[in-house]
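A.B. asks: So here's upload.cif, just mmCIF, C-alpha atoms and all ligand atoms:
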data_query
#
loop_
_atom_site.group_PDB
_atom_site.id
_atom_site.type_symbol
_atom_site.label_atom_id
_atom_site.label_comp_id
_atom_site.auth_asym_id
_atom_site.auth_seq_id
_atom_site.Cartn_x
_atom_site.Cartn_y
_atom_site.Cartn_z
ATOM 1 C CA ALA A 803 0.000 0.000 0.000
ATOM 2 C CA THR A 804 1.448 3.314 -1.014
ATOM 3 C CA PRO A 805 1.423 5.970 1.712
ATOM 4 C CA THR A 806 -0.174 8.486 -0.668
ATOM 5 C CA ALA A 807 -3.234 6.327 -1.393
ATOM 6 C CA LEU A 808 -3.649 5.645 2.313
ATOM 7 C CA MET A 809 -3.462 9.344 3.074
ATOM 8 C CA VAL A 810 -6.185 9.972 0.483
ATOM 9 C CA GLY A 811 -8.307 7.314 2.195
ATOM 10 C CA THR A 812 -7.750 9.003 5.537
ATOM 11 C CA GLY A 813 -8.840 12.373 4.139
ATOM 12 C CA ARG A 814 -11.975 10.892 2.577
ATOM 13 C CA GLY A 815 -12.713 9.258 5.931
ATOM 14 C CA ALA A 816 -12.710 12.625 7.663
ATOM 15 C CA GLN A 817 -15.264 13.890 5.121
ATOM 16 C CA LEU A 818 -17.508 10.922 5.907
ATOM 17 C CA GLY A 819 -17.275 11.535 9.659
ATOM 18 C CA ILE A 820 -14.712 8.830 10.350
ATOM 19 C CA LEU A 821 -11.550 9.713 12.272
ATOM 20 C CA ILE A 822 -8.732 7.299 11.549
ATOM 21 C CA LYS A 823 -5.913 6.989 14.070
ATOM 22 C CA GLY A 824 -3.269 6.263 11.430
ATOM 23 C CA PRO A 825 -3.226 5.421 7.700
ATOM 24 C CA GLU A 826 -2.113 1.838 8.462
ATOM 25 C CA VAL A 827 -5.497 1.211 10.143
ATOM 26 C CA LEU A 828 -7.163 0.907 6.725
ATOM 27 C CA GLU A 829 -5.048 -2.183 6.006
ATOM 28 C CA SER A 830 -6.452 -4.189 8.912
ATOM 29 C CA THR A 831 -10.001 -3.279 7.882
ATOM 30 C CA LYS A 832 -10.029 -5.168 4.605
ATOM 31 C CA ARG A 833 -10.054 -8.726 5.986
ATOM 32 C CA VAL A 834 -12.694 -8.130 8.677
ATOM 33 C CA ASP A 835 -15.458 -10.773 8.473
ATOM 34 C CA THR A 836 -17.220 -10.375 11.835
ATOM 35 C CA ILE A 837 -18.516 -7.217 13.506
ATOM 36 C CA VAL A 838 -19.318 -7.233 17.216
ATOM 37 C CA LEU A 839 -21.758 -4.517 18.276
ATOM 38 C CA ASP A 840 -22.235 -3.296 21.834
ATOM 39 C CA LYS A 841 -25.937 -2.787 22.576
ATOM 40 C CA THR A 842 -26.423 0.211 24.851
ATOM 41 C CA GLY A 843 -25.373 3.480 23.221
ATOM 42 C CA THR A 844 -24.203 1.736 20.037
ATOM 43 C CA VAL A 845 -27.249 -0.060 18.591
ATOM 44 C CA THR A 846 -29.643 1.755 20.944
ATOM 45 C CA THR A 847 -29.702 5.468 21.746
ATOM 46 C CA GLY A 848 -28.581 4.858 25.335
ATOM 47 C CA LYS A 849 -30.964 7.637 26.326
ATOM 48 C CA MET A 850 -33.034 5.670 28.764
ATOM 49 C CA THR A 851 -36.234 6.636 30.509
ATOM 50 C CA LEU A 852 -38.003 5.207 33.538
ATOM 51 C CA HIS A 853 -40.991 3.352 32.163
ATOM 52 C CA GLU A 854 -42.564 1.391 34.989
ATOM 53 C CA VAL A 855 -42.447 1.236 38.787
ATOM 54 C CA TYR A 856 -43.523 -1.924 40.574
ATOM 55 C CA ALA A 857 -43.556 -2.015 44.369
ATOM 56 C CA ALA A 858 -43.713 -5.347 46.197
ATOM 57 C CA GLN A 859 -46.616 -5.918 48.596
ATOM 58 C CA GLY A 860 -46.077 -3.904 51.755
ATOM 59 C CA THR A 861 -43.727 -1.406 50.112
ATOM 60 C CA GLY A 862 -44.772 2.150 49.306
ATOM 61 C CA GLU A 863 -43.991 3.377 45.812
ATOM 62 C CA LYS A 864 -42.871 6.703 47.255
ATOM 63 C CA GLU A 865 -40.197 5.157 49.446
ATOM 64 C CA LEU A 866 -39.088 2.839 46.632
ATOM 65 C CA LEU A 867 -38.543 5.835 44.347
ATOM 66 C CA ARG A 868 -36.807 7.843 47.068
ATOM 67 C CA LEU A 869 -34.263 5.220 48.101
ATOM 68 C CA ALA A 870 -33.530 3.874 44.603
ATOM 69 C CA GLY A 871 -33.452 7.373 43.097
ATOM 70 C CA ALA A 872 -31.083 8.716 45.743
ATOM 71 C CA LEU A 873 -28.621 5.862 45.310
ATOM 72 C CA GLU A 874 -28.685 5.890 41.493
ATOM 73 C CA HIS A 875 -28.251 9.658 41.471
ATOM 74 C CA ALA A 876 -24.666 9.031 42.609
ATOM 75 C CA SER A 877 -23.945 6.882 39.518
ATOM 76 C CA GLU A 878 -23.152 8.007 35.954
ATOM 77 C CA HIS A 879 -24.484 4.856 34.282
ATOM 78 C CA PRO A 880 -27.236 5.543 31.693
ATOM 79 C CA VAL A 881 -29.574 3.176 33.562
ATOM 80 C CA ALA A 882 -28.854 5.025 36.805
ATOM 81 C CA ARG A 883 -29.494 8.429 35.254
ATOM 82 C CA ALA A 884 -32.863 7.263 33.977
ATOM 83 C CA VAL A 885 -33.813 5.890 37.389
ATOM 84 C CA ALA A 886 -32.758 9.060 39.245
ATOM 85 C CA ALA A 887 -34.471 11.420 36.795
ATOM 86 C CA GLY A 888 -37.648 9.300 36.660
ATOM 87 C CA ALA A 889 -37.792 8.827 40.427
ATOM 88 C CA ALA A 890 -37.466 12.569 41.007
ATOM 89 C CA ARG A 891 -40.075 13.424 38.386
ATOM 90 C CA ARG A 892 -42.605 10.925 39.736
ATOM 91 C CA SER A 893 -42.017 12.242 43.266
ATOM 92 C CA GLY A 894 -42.495 15.830 42.179
ATOM 93 C CA LEU A 895 -38.892 16.625 43.087
ATOM 94 C CA ASP A 896 -35.867 18.008 41.334
ATOM 95 C CA VAL A 897 -33.088 15.362 41.014
ATOM 96 C CA ALA A 898 -30.894 17.610 43.166
ATOM 97 C CA ASP A 899 -33.464 17.303 45.975
ATOM 98 C CA LEU A 900 -33.042 13.533 46.289
ATOM 99 C CA PRO A 901 -31.229 12.715 49.556
ATOM 100 C CA ALA A 902 -27.462 12.213 49.333
ATOM 101 C CA PRO A 903 -26.487 8.605 50.171
ATOM 102 C CA GLU A 904 -24.527 8.206 53.408
ATOM 103 C CA ARG A 905 -22.472 5.540 51.675
ATOM 104 C CA PHE A 906 -22.164 4.686 47.976
ATOM 105 C CA GLU A 907 -20.436 2.044 45.898
ATOM 106 C CA ASN A 908 -20.667 1.350 42.189
ATOM 107 C CA VAL A 909 -20.653 -2.327 41.124
ATOM 108 C CA PRO A 910 -19.649 -2.314 37.412
ATOM 109 C CA GLY A 911 -21.972 -4.287 35.130
ATOM 110 C CA ALA A 912 -24.343 -4.965 38.004
ATOM 111 C CA GLY A 913 -25.640 -1.873 39.819
ATOM 112 C CA VAL A 914 -25.127 0.205 42.942
ATOM 113 C CA ARG A 915 -24.928 -0.388 46.664
ATOM 114 C CA GLY A 916 -25.025 2.042 49.599
ATOM 115 C CA THR A 917 -26.867 3.548 52.529
ATOM 116 C CA VAL A 918 -29.791 5.972 52.212
ATOM 117 C CA ASP A 919 -31.878 7.250 55.157
ATOM 118 C CA GLY A 920 -30.122 4.630 57.311
ATOM 119 C CA HIS A 921 -31.190 1.731 55.060
ATOM 120 C CA ALA A 922 -28.685 -0.578 53.341
ATOM 121 C CA VAL A 923 -29.909 -0.283 49.728
ATOM 122 C CA LEU A 924 -29.087 -2.318 46.612
ATOM 123 C CA ALA A 925 -30.253 -1.482 43.078
ATOM 124 C CA GLY A 926 -29.344 -3.416 39.961
ATOM 125 C CA SER A 927 -29.356 -6.830 38.348
ATOM 126 C CA ALA A 928 -30.887 -10.023 39.736
ATOM 127 C CA ARG A 929 -27.365 -11.412 40.040
ATOM 128 C CA LEU A 930 -26.308 -8.490 42.269
ATOM 129 C CA LEU A 931 -29.236 -8.992 44.634
ATOM 130 C CA ALA A 932 -29.017 -12.789 44.648
ATOM 131 C CA GLU A 933 -25.301 -12.701 45.465
ATOM 132 C CA ALA A 934 -26.041 -10.389 48.385
ATOM 133 C CA GLY A 935 -28.464 -13.017 49.759
ATOM 134 C CA VAL A 936 -31.543 -10.799 49.406
ATOM 135 C CA THR A 937 -34.885 -12.521 50.121
ATOM 136 C CA GLY A 938 -38.251 -11.927 48.426
ATOM 137 C CA LEU A 939 -36.986 -11.992 44.834
ATOM 138 C CA ASP A 940 -39.556 -14.652 43.895
ATOM 139 C CA ALA A 941 -42.413 -12.231 44.549
ATOM 140 C CA LEU A 942 -40.993 -9.968 41.812
ATOM 141 C CA ALA A 943 -40.373 -12.724 39.242
ATOM 142 C CA ASP A 944 -43.602 -12.199 37.254
ATOM 143 C CA ALA A 945 -43.252 -8.428 37.005
ATOM 144 C CA ARG A 946 -39.615 -8.845 36.045
ATOM 145 C CA GLU A 947 -40.332 -11.397 33.306
ATOM 146 C CA ARG A 948 -43.038 -9.204 31.820
ATOM 147 C CA ALA A 949 -40.794 -6.129 31.681
ATOM 148 C CA GLU A 950 -37.837 -8.037 30.224
ATOM 149 C CA ALA A 951 -39.981 -9.702 27.576
ATOM 150 C CA ALA A 952 -41.036 -6.198 26.540
ATOM 151 C CA GLY A 953 -37.348 -5.359 26.018
ATOM 152 C CA ARG A 954 -36.864 -3.263 29.157
ATOM 153 C CA THR A 955 -33.876 -3.256 31.454
ATOM 154 C CA VAL A 956 -34.983 -4.109 34.969
ATOM 155 C CA VAL A 957 -33.447 -2.525 38.064
ATOM 156 C CA LEU A 958 -34.321 -4.600 41.110
ATOM 157 C CA VAL A 959 -34.355 -2.742 44.405
ATOM 158 C CA ALA A 960 -33.780 -4.144 47.894
ATOM 159 C CA TRP A 961 -33.118 -2.670 51.285
ATOM 160 C CA ASP A 962 -32.233 -4.226 54.604
ATOM 161 C CA GLY A 963 -31.961 -7.642 52.930
ATOM 162 C CA VAL A 964 -35.425 -7.760 51.341
ATOM 163 C CA ALA A 965 -36.407 -7.176 47.682
ATOM 164 C CA ARG A 966 -38.864 -4.243 47.645
ATOM 165 C CA GLY A 967 -39.688 -3.669 44.005
ATOM 166 C CA LEU A 968 -38.389 -2.983 40.544
ATOM 167 C CA LEU A 969 -37.953 -0.135 38.126
ATOM 168 C CA ALA A 970 -38.130 -0.834 34.385
ATOM 169 C CA VAL A 971 -36.068 1.371 32.113
ATOM 170 C CA ALA A 972 -36.676 1.677 28.374
ATOM 171 C CA ASP A 973 -34.092 2.393 25.715
ATOM 172 C CA ALA A 974 -34.870 2.831 22.014
ATOM 173 C CA VAL A 975 -33.145 1.268 19.027
ATOM 174 C CA LYS A 976 -31.597 4.033 16.895
ATOM 175 C CA ASP A 977 -33.457 4.794 13.648
ATOM 176 C CA THR A 978 -30.319 4.031 11.680
ATOM 177 C CA SER A 979 -29.335 0.722 13.300
ATOM 178 C CA ALA A 980 -31.366 -1.712 11.185
ATOM 179 C CA GLU A 981 -30.125 -0.116 7.974
ATOM 180 C CA ALA A 982 -26.545 -0.157 9.281
ATOM 181 C CA VAL A 983 -26.744 -3.887 10.042
ATOM 182 C CA ARG A 984 -28.189 -4.526 6.563
ATOM 183 C CA GLU A 985 -25.270 -2.647 4.980
ATOM 184 C CA LEU A 986 -22.725 -4.509 7.088
ATOM 185 C CA ARG A 987 -24.239 -7.816 5.980
ATOM 186 C CA ARG A 988 -24.141 -6.702 2.354
ATOM 187 C CA LEU A 989 -20.399 -6.174 2.834
ATOM 188 C CA GLY A 990 -20.169 -9.819 3.868
ATOM 189 C CA LEU A 991 -19.782 -9.262 7.603
ATOM 190 C CA THR A 992 -21.490 -11.360 10.276
ATOM 191 C CA PRO A 993 -23.025 -9.088 12.944
ATOM 192 C CA VAL A 994 -22.895 -10.124 16.610
ATOM 193 C CA LEU A 995 -24.578 -8.348 19.566
ATOM 194 C CA LEU A 996 -22.624 -8.105 22.833
ATOM 195 C CA THR A 997 -24.096 -6.748 26.057
ATOM 196 C CA GLY A 998 -24.049 -6.852 29.831
ATOM 197 C CA ASP A 999 -27.808 -6.584 29.762
ATOM 198 C CA HIS A 1000 -30.249 -9.427 30.330
ATOM 199 C CA ARG A 1001 -30.792 -11.997 27.557
ATOM 200 C CA ALA A 1002 -34.493 -11.216 26.975
ATOM 201 C CA VAL A 1003 -33.691 -7.515 26.473
ATOM 202 C CA ALA A 1004 -30.756 -8.319 24.197
ATOM 203 C CA GLU A 1005 -32.839 -10.703 22.071
ATOM 204 C CA THR A 1006 -35.563 -8.083 21.609
ATOM 205 C CA VAL A 1007 -33.016 -5.575 20.301
ATOM 206 C CA ALA A 1008 -31.291 -8.218 18.134
ATOM 207 C CA ARG A 1009 -34.629 -9.151 16.557
ATOM 208 C CA ALA A 1010 -35.409 -5.497 15.809
ATOM 209 C CA VAL A 1011 -32.208 -5.030 13.816
ATOM 210 C CA ASP A 1012 -31.867 -8.602 12.503
ATOM 211 C CA ILE A 1013 -28.772 -9.832 14.329
ATOM 212 C CA GLY A 1014 -28.670 -13.611 14.746
ATOM 213 C CA THR A 1015 -25.881 -14.063 17.283
ATOM 214 C CA VAL A 1016 -26.281 -12.637 20.792
ATOM 215 C CA TYR A 1017 -23.908 -12.634 23.759
ATOM 216 C CA ALA A 1018 -25.897 -11.360 26.778
ATOM 217 C CA ASP A 1019 -25.245 -11.113 30.537
ATOM 218 C CA VAL A 1020 -21.564 -10.523 29.781
ATOM 219 C CA LEU A 1021 -19.668 -8.835 32.616
ATOM 220 C CA PRO A 1022 -17.535 -5.809 31.641
ATOM 221 C CA GLU A 1023 -14.284 -7.725 32.209
ATOM 222 C CA ASP A 1024 -15.528 -10.613 30.028
ATOM 223 C CA LYS A 1025 -16.395 -8.572 26.911
ATOM 224 C CA ALA A 1026 -12.788 -8.762 25.667
ATOM 225 C CA ASP A 1027 -12.875 -12.553 26.167
ATOM 226 C CA VAL A 1028 -15.781 -12.869 23.739
ATOM 227 C CA VAL A 1029 -13.728 -11.007 21.114
ATOM 228 C CA ARG A 1030 -10.677 -13.161 21.897
ATOM 229 C CA ARG A 1031 -12.711 -16.370 21.475
ATOM 230 C CA LEU A 1032 -14.087 -15.238 18.089
ATOM 231 C CA ARG A 1033 -10.530 -14.468 16.947
ATOM 232 C CA ALA A 1034 -9.379 -17.881 18.168
ATOM 233 C CA GLU A 1035 -12.009 -19.389 15.836
ATOM 234 C CA GLY A 1036 -10.093 -17.767 12.986
ATOM 235 C CA ARG A 1037 -12.386 -14.815 12.486
ATOM 236 C CA VAL A 1038 -11.129 -11.292 11.808
ATOM 237 C CA VAL A 1039 -13.107 -9.175 14.228
ATOM 238 C CA ALA A 1040 -14.208 -5.545 14.261
ATOM 239 C CA MET A 1041 -15.851 -4.257 17.437
ATOM 240 C CA VAL A 1042 -18.030 -1.158 17.821
ATOM 241 C CA GLY A 1043 -18.636 0.295 21.282
ATOM 242 C CA ASP A 1044 -19.077 3.444 23.317
ATOM 243 C CA GLY A 1045 -18.625 2.639 26.997
ATOM 244 C CA VAL A 1046 -15.789 2.446 29.486
ATOM 245 C CA ASN A 1047 -16.728 -1.233 29.755
ATOM 246 C CA ASP A 1048 -16.102 -1.692 26.003
ATOM 247 C CA ALA A 1049 -12.523 -0.350 26.044
ATOM 248 C CA ALA A 1050 -10.727 -3.677 26.587
ATOM 249 C CA ALA A 1051 -12.828 -5.408 23.904
ATOM 250 C CA LEU A 1052 -12.169 -2.547 21.457
ATOM 251 C CA ALA A 1053 -8.429 -2.867 22.038
ATOM 252 C CA THR A 1054 -8.590 -6.676 21.663
ATOM 253 C CA ALA A 1055 -10.425 -6.596 18.317
ATOM 254 C CA ASP A 1056 -8.527 -6.569 15.007
ATOM 255 C CA LEU A 1057 -10.278 -3.273 14.396
ATOM 256 C CA GLY A 1058 -11.831 -1.137 17.147
ATOM 257 C CA LEU A 1059 -14.473 1.456 16.256
ATOM 258 C CA ALA A 1060 -15.694 3.937 18.872
ATOM 259 C CA MET A 1061 -18.885 5.938 18.774
ATOM 260 C CA GLY A 1062 -17.896 9.628 18.792
ATOM 261 C CA THR A 1063 -20.774 10.169 21.202
ATOM 262 C CA GLY A 1064 -19.211 7.697 23.643
ATOM 263 C CA THR A 1065 -16.650 7.840 26.422
ATOM 264 C CA ASP A 1066 -13.010 8.949 26.088
ATOM 265 C CA ALA A 1067 -11.896 5.493 27.228
ATOM 266 C CA ALA A 1068 -13.639 3.853 24.253
ATOM 267 C CA ILE A 1069 -12.257 6.419 21.798
ATOM 268 C CA GLU A 1070 -8.699 6.029 23.097
ATOM 269 C CA ALA A 1071 -8.874 2.227 22.839
ATOM 270 C CA SER A 1072 -10.084 2.336 19.211
ATOM 271 C CA ASP A 1073 -8.518 2.589 15.746
ATOM 272 C CA LEU A 1074 -11.420 4.527 14.262
ATOM 273 C CA THR A 1075 -13.988 6.957 15.655
ATOM 274 C CA LEU A 1076 -17.447 7.284 14.111
ATOM 275 C CA VAL A 1077 -17.775 10.999 14.818
ATOM 276 C CA ARG A 1078 -21.566 11.334 14.644
ATOM 277 C CA GLY A 1079 -22.243 8.105 16.527
ATOM 278 C CA ASP A 1080 -24.036 6.780 13.439
ATOM 279 C CA LEU A 1081 -23.501 3.036 12.984
ATOM 280 C CA ARG A 1082 -23.938 3.376 9.211
ATOM 281 C CA THR A 1083 -20.535 5.048 9.073
ATOM 282 C CA ALA A 1084 -19.032 1.727 10.239
ATOM 283 C CA ALA A 1085 -20.096 0.311 6.858
ATOM 284 C CA ASP A 1086 -18.707 3.436 5.147
ATOM 285 C CA ALA A 1087 -15.366 2.847 6.880
ATOM 286 C CA ILE A 1088 -15.139 -0.751 5.663
ATOM 287 C CA ARG A 1089 -16.167 0.240 2.130
ATOM 288 C CA LEU A 1090 -13.667 3.119 2.096
ATOM 289 C CA SER A 1091 -10.756 0.975 3.145
ATOM 290 C CA ARG A 1092 -11.578 -1.721 0.595
ATOM 291 C CA ARG A 1093 -11.775 0.881 -2.136
ATOM 292 C CA THR A 1094 -8.600 2.639 -1.026
ATOM 293 C CA LEU A 1095 -6.697 -0.614 -0.986
ATOM 294 C CA ALA A 1096 -8.154 -1.671 -4.360
ATOM 295 C CA THR A 1097 -6.804 1.471 -6.054
ATOM 296 C CA ILE A 1098 -3.381 0.699 -4.658
ATOM 297 C CA LYS A 1099 -3.238 -2.794 -6.202
HETATM 298 P P1 LIG B 1 -24.045 -2.694 28.426
HETATM 299 O O1 LIG B 1 -23.104 -3.810 28.131
HETATM 300 O O2 LIG B 1 -25.393 -2.944 27.801
HETATM 301 O O3 LIG B 1 -23.487 -1.345 27.963
HETATM 302 P P2 LIG B 1 -23.352 -2.644 31.367
HETATM 303 O O4 LIG B 1 -22.291 -3.703 31.281
HETATM 304 O O5 LIG B 1 -22.890 -1.283 31.727
HETATM 305 O O6 LIG B 1 -24.322 -2.628 30.057
HETATM 306 O O7 LIG B 1 -24.400 -3.088 32.499
HETATM 307 C C1 LIG B 1 -24.989 -4.364 32.436
HETATM 308 C C2 LIG B 1 -26.266 -4.408 33.231
HETATM 309 O O8 LIG B 1 -25.983 -4.181 34.617
HETATM 310 C C3 LIG B 1 -27.260 -3.315 32.862
HETATM 311 O O9 LIG B 1 -28.041 -3.670 31.774
HETATM 312 C C4 LIG B 1 -28.073 -3.227 34.146
HETATM 313 O O10 LIG B 1 -28.987 -4.291 34.194
HETATM 314 C C5 LIG B 1 -27.033 -3.454 35.226
HETATM 315 N N1 LIG B 1 -26.510 -2.177 35.753
HETATM 316 C C6 LIG B 1 -25.271 -1.652 35.551
HETATM 317 N N2 LIG B 1 -25.132 -0.492 36.229
HETATM 318 C C7 LIG B 1 -26.307 -0.261 36.850
HETATM 319 C C8 LIG B 1 -26.818 0.770 37.722
HETATM 320 N N3 LIG B 1 -26.098 1.829 38.080
HETATM 321 N N4 LIG B 1 -28.078 0.625 38.176
HETATM 322 C C9 LIG B 1 -28.827 -0.424 37.830
HETATM 323 N N5 LIG B 1 -28.423 -1.417 37.042
HETATM 324 C C10 LIG B 1 -27.184 -1.348 36.547
HETATM 325 MG MG MG B 2 -22.559 0.743 25.623
#
Could you spell out this file's structure in structure tokens?
C.D. replies:
Amino acid sequence: ATPTALMVGTGRGAQLGILIKGPEVLESTKRVDTIVLDKTGTVTTGKMTLHEVYAAQGTGEKELLRLAGALEHASEHPVARAVAAGAARRSGLDVADLPAPERFENVPGAGVRGTVDGHAVLAGSARLLAEAGVTGLDALADARERAEAAGRTVVLVAWDGVARGLLAVADAVKDTSAEAVRELRRLGLTPVLLTGDHRAVAETVARAVDIGTVYADVLPEDKADVVRRLRAEGRVVAMVGDGVNDAAALATADLGLAMGTGTDAAIEASDLTLVRGDLRTAADAIRLSRRTLATIK
């Protein structure tokens, strides 16, 4: 590959909204046959809203919103932001008026833990609550199944060792995602969805954009392992992501693509940045590099 042709490719990339770390990146793009897509913030907007509140028998909805909202307000996670904003709105409060937790701890890929109003509160995945030995989860099973089947991310809430209710958060698939996946397929790539979210939610999103292979319930530290395993099968893997928890997987892939709307950690770990956060530009990037390299031959 002549440096001049690669430089031309890099310049054309910038016009398309693709920032390329170095001209040599285009070379590794041409053999890519598999594209791993993070769900939240990549295939979906990541702008979540609180959709449903379900309090267990004997629990007041007001207290559920207050304790869960206060704890999640201390977290930056998109799910947490939706819970805090929704809890405040439904309580007629400003988010800033939610009580400050006395203690707070973030559990990556799982949820949050802390103390609010003297109660030991947990909010997050079923795994987080089960591992903490929380009782009363069975009473929430029906409500949880219903929300997950509808494609919502469920935040289970417990305090003082007992499950008290759940909050269902809704995210929307981006308008452009289905078309992007179609274009990627047309280029001969196999799309794969990768997420820390629950399987039912992941499958709903995968169905909406026509992705056949889904890795769900994957812990942040295990996302890179999924990419490693695909490479060990002999595939040449591109990965698209936006979160801090995608950084290791982006660096492990043959080609890492970050959403420009995502975190600095994801952008730094990647070879390419899709400036507008539009997944269709991932297809543009692959097409561009193939064309650039074809003119060189
Ligand atoms: P993704 O891979 O979809 O970007 P994450 O790995 O960040 O998602 O999180 C995986 C799952 O863990 C989320 O879908 C959610 O169920 C749960 N979770 C993570 N952080 C929080 C939080 N602050 N509050 C509630 N649930 C959370
Ligand atoms: Mg994400």
A.B. asks: Give me, as a ChimeraX atom specification, the set of residues whose atoms come within 7 Å of any atom of ligand MG 2 (chain B), counting only C-alpha atoms and all ligand atoms.
C.D. replies: /A:840-844,1043-1045,1048
A.B. asks: So which residues touch Val1007 (chain A) within 9 Å, counting all atoms listed in the file, skipping near sequence neighbours fewer than 5 positions away, as a ChimeraX atom specification?
C.D. replies: /A:841,845-846,953,974-975,995,1002,1012-1013
A.B. asks: Residues within 6 Å of ligand LIG 1 (chain B) (only C-alpha atoms and all ligand atoms), as a list of chain:residue names?
C.D. replies: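 The neighbouring residues of ligand LIG 1 (chain B) are, in order, A:Lys841, A:Thr842, A:Glu874, A:Ser877, A:His879, A:Val881, A:Ala882, A:Pro910, A:Gly911, A:Ala912, A:Gly913, A:Val914, A:Ala925, A:Gly926, A:Ser927, A:Thr955, A:Val957, A:Thr997, A:Gly998, A:Asp999, A:Leu1021, A:Pro1022.
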A.B. asks: How many Å separate CA of Met1061 (chain A) from CA of Lys823 (chain A)?
C.D. replies: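 So the answer is 13.8 Å.
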A.B. asks: Just give me the gap between CA of Thr917 (chain A) and CA of Arg905 (chain A) in Å, one decimal is fine.
C.D. replies: 4.9 Å
A.B. asks: Any idea what the distance is between CA of His853 (chain A) and CA of Leu968 (chain A)?
C.D. replies: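 Atom-to-atom, CA of His853 (chain A) to CA of Leu968 (chain A), that is 10.8 Å.
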A.B. asks: Between A:Ala1053, A:Ala858, A:Ala876, A:Val918, single out the one closest to Ala943 (chain A), counting all atoms listed in the file.
C.D. replies: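 Among the listed residues, the smallest separation from Ala943 (chain A) belongs to A:Ala858.
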A.B. asks: Which one of A:Asp1073, A:Asp1056, A:Asp919, A:Asp940 sits closest to Leu869 (chain A) if you count all atoms listed in the file?
C.D. replies: A:Asp919
A.B. asks: Can you give me, as a PDB file with C-alpha atoms, keeping the file's coordinate frame, the residues this file yields under the PyMOL selection byres (((chain A and resi 1055) around 7) and not hetatm)?
C.D. replies:
ATOM      1  CA  VAL A1029     -13.728 -11.007  21.114  1.00  0.00           C
ATOM      2  CA  VAL A1039     -13.107  -9.175  14.228  1.00  0.00           C
ATOM      3  CA  ALA A1040     -14.208  -5.545  14.261  1.00  0.00           C
ATOM      4  CA  MET A1041     -15.851  -4.257  17.437  1.00  0.00           C
ATOM      5  CA  ALA A1051     -12.828  -5.408  23.904  1.00  0.00           C
ATOM      6  CA  LEU A1052     -12.169  -2.547  21.457  1.00  0.00           C
ATOM      7  CA  ALA A1053      -8.429  -2.867  22.038  1.00  0.00           C
ATOM      8  CA  THR A1054      -8.590  -6.676  21.663  1.00  0.00           C
ATOM      9  CA  ASP A1056      -8.527  -6.569  15.007  1.00  0.00           C
ATOM     10  CA  LEU A1057     -10.278  -3.273  14.396  1.00  0.00           C
ATOM     11  CA  GLY A1058     -11.831  -1.137  17.147  1.00  0.00           C
TER      12      GLY A1058
END
A.B. asks: Give me the residues near Gly811 (chain A) as a list in words, where near means some atom within 7 Å (using all atoms listed in the file) and where sequence neighbours in that chain fewer than 6 positions away do not count.
C.D. replies: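 In the requested form, the answer reads Leu1090, Ser1091 and Thr1094 of chain A.
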A.B. asks: Can you tell me which residues surround Val885 (chain A) at a distance of at most 8 Å, considering only C-alpha atoms, apart from same-chain residues fewer than 6 positions away, and format the answer as a PyMOL selection string?
C.D. replies: chain A and resi 851-852+870-871+874-875+969+971
A.B. asks: Given the file above and the PyMOL selection byres (((chain A and resi 954) around 7) and not hetatm), which residues are selected, and can you give them as a list of chain:residue names?
C.D. replies: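 When the PyMOL selection byres (((chain A and resi 954) around 7) and not hetatm) is applied, the selected residues are A:Ala949, A:Glu950, A:Ala952, A:Gly953, A:Thr955, A:Val956, A:Ala970, A:Val971, A:Ala972, A:Val1003.
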A.B. asks: I need the residues from that last selection saved to file as a PDB file, keeping the file's coordinate frame (with C-alpha atoms), if you can.
C.D. replies:
ATOM      1  CA  ALA A 949     -40.794  -6.129  31.681  1.00  0.00           C
ATOM      2  CA  GLU A 950     -37.837  -8.037  30.224  1.00  0.00           C
ATOM      3  CA  ALA A 952     -41.036  -6.198  26.540  1.00  0.00           C
ATOM      4  CA  GLY A 953     -37.348  -5.359  26.018  1.00  0.00           C
ATOM      5  CA  THR A 955     -33.876  -3.256  31.454  1.00  0.00           C
ATOM      6  CA  VAL A 956     -34.983  -4.109  34.969  1.00  0.00           C
ATOM      7  CA  ALA A 970     -38.130  -0.834  34.385  1.00  0.00           C
ATOM      8  CA  VAL A 971     -36.068   1.371  32.113  1.00  0.00           C
ATOM      9  CA  ALA A 972     -36.676   1.677  28.374  1.00  0.00           C
ATOM     10  CA  VAL A1003     -33.691  -7.515  26.473  1.00  0.00           C
TER      11      VAL A1003
END
A.B. asks: Give me the residues within 9 Å of Thr978 (chain A) as a list in words, counting only C-alpha atoms and dropping any in the same chain fewer than 5 places off.
C.D. replies: Val845, Val983, Asp1080, Leu1081 and Arg1082 of chain A
A.B. asks: Pull C-alpha atoms from the residues just selected and write them as a PDB file, in the coordinates of the input.
C.D. replies:
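Printed below is again_18.pdb as written:
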ATOM      1  CA  VAL A 845     -27.249  -0.060  18.591  1.00  0.00           C
ATOM      2  CA  VAL A 983     -26.744  -3.887  10.042  1.00  0.00           C
ATOM      3  CA  ASP A1080     -24.036   6.780  13.439  1.00  0.00           C
ATOM      4  CA  LEU A1081     -23.501   3.036  12.984  1.00  0.00           C
ATOM      5  CA  ARG A1082     -23.938   3.376   9.211  1.00  0.00           C
TER       6      ARG A1082
END
A.B. asks: Name the closest residue to Glu878 (chain A) among the candidates A:Lys976, A:Val1046, A:Val994, A:Leu895; distances are taken between atoms, counting all atoms listed in the file.
C.D. replies: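 Among the listed residues, the smallest separation from Glu878 (chain A) belongs to A:Val1046.
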A.B. asks: Would you list the contacts of Arg1078 (chain A) as a compact mmCIF listing (two decimals) with C-alpha atoms, in the coordinates of the input, taking every protein, DNA or RNA residue within 9 Å and counting only C-alpha atoms, but skipping same-chain residues closer than 4 positions in sequence?
C.D. replies:
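Result written to out.txt:
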# COMPACT_ATOMS: atom_id res chain seq x y z
CA GLY A 819 -17.27 11.54 9.66
CA ILE A 820 -14.71 8.83 10.35
CA MET A 1061 -18.89 5.94 18.77
CA GLY A 1062 -17.90 9.63 18.79
CA THR A 1063 -20.77 10.17 21.20
CA THR A 1083 -20.54 5.05 9.07
